[in-house]
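**Student:** Let me begin by handing over the structure; questions about it come next.
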Amino acid sequence: MRILLVEDDTLIGDGIKAGLSKMGFSVDWFTEGRPGKEALYSAPYDAVILDLTLPGMDGRDILREWREKGKQEPVLILTARDALAERVEGLRLGADDYLCKPFALIEVAARLEALVRRASGQASSELRHGQVTLNPGNLVATLAQSRQSRRDSSRRLPANRWP
């Protein structure tokens with residue numbers, strides 16, 4: 001999953017990029033508003049993490065412009081602005097989700113997965129083909145009711161076969 005991250009705080013941005021990368025996400029990170037805004041026009045992204053307080057251009061203005069120009073990528077606002085009026089404004093401007101700092105990275109990842117799943121019209125993250133079911137969220141594969149997990153101690157599956 002390719003993510004556009006627009007976050008000016010280097011400590012937070014480094015943590016998000018490193019953590020999501022370890023979880024299998026590909027993250028392009030911009031620390032200023034205008035370059036972050038332009039990035040969505042120059043490359044395909046599955047979802048966006050957008051801070052509101054950015055140098056060069058406010059996150060709300062970026063989001064407003066994206067939506068006015070027809071950009072449909074799911075946007076998760078991740079910000080320290082936690083007032084009810086600001087949360088409502090962000091969602092009404094076109095954000096698909098709003099999460100206040102501080103946050104847990106695993107929750108950010110789960111929210112991104114849910115946003116992308118909904119945007120693609122899928123109700124579940126499970127992939128099915130015939131008798132094979134794969135759940136990438138918990139790394140479990142099932143073949144004709146026989147369950148196998150990467151974490152299963154009885155039969156280790158190679159790490160390079162999993163995201």
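Ligands are numbered from 1 in the order shown, residues from 1 within each chain, and chains are lettered A, B, ... in the order they appear in the structure tokens.
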Got a sec: who's within 8 Å of region 50-56 of chain A, counting only C-alpha atoms, leaving out chain neighbours fewer than 4 positions off, as a list of chain:residue names?
**Tutor:**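 In the requested format, the answer is A:Leu5, A:Val6, A:Glu7, A:Asp8, A:Thr31, A:Glu32, A:Gly33, A:Arg34, A:Arg60, A:Val75, A:Leu76, A:Ile77, A:Leu78, A:Thr79, A:Arg81.
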**Student:** Using only C-alpha atoms, which residues sit within 12 Å of Glu65 (chain A) once same-chain residues fewer than 3 positions away are excluded, as an NGL selection string?
**Tutor:** :A and (33-34 or 37-38 or 40-41 or 57-62 or 68-72 or 93-95)
**Student:** Work out how far apart CA of Glu113 (chain A) and CA of Leu91 (chain A) are and give it in Å to one decimal.
**Tutor:**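 We find that CA of Glu113 (chain A) and CA of Leu91 (chain A) lie 18.2 Å from each other.
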**Student:** Which of these residues is nearest to Leu20 (chain A), using only C-alpha atoms: A:Ala109, A:Val132, A:Pro44, A:Pro102?
**Tutor:** A:Ala109
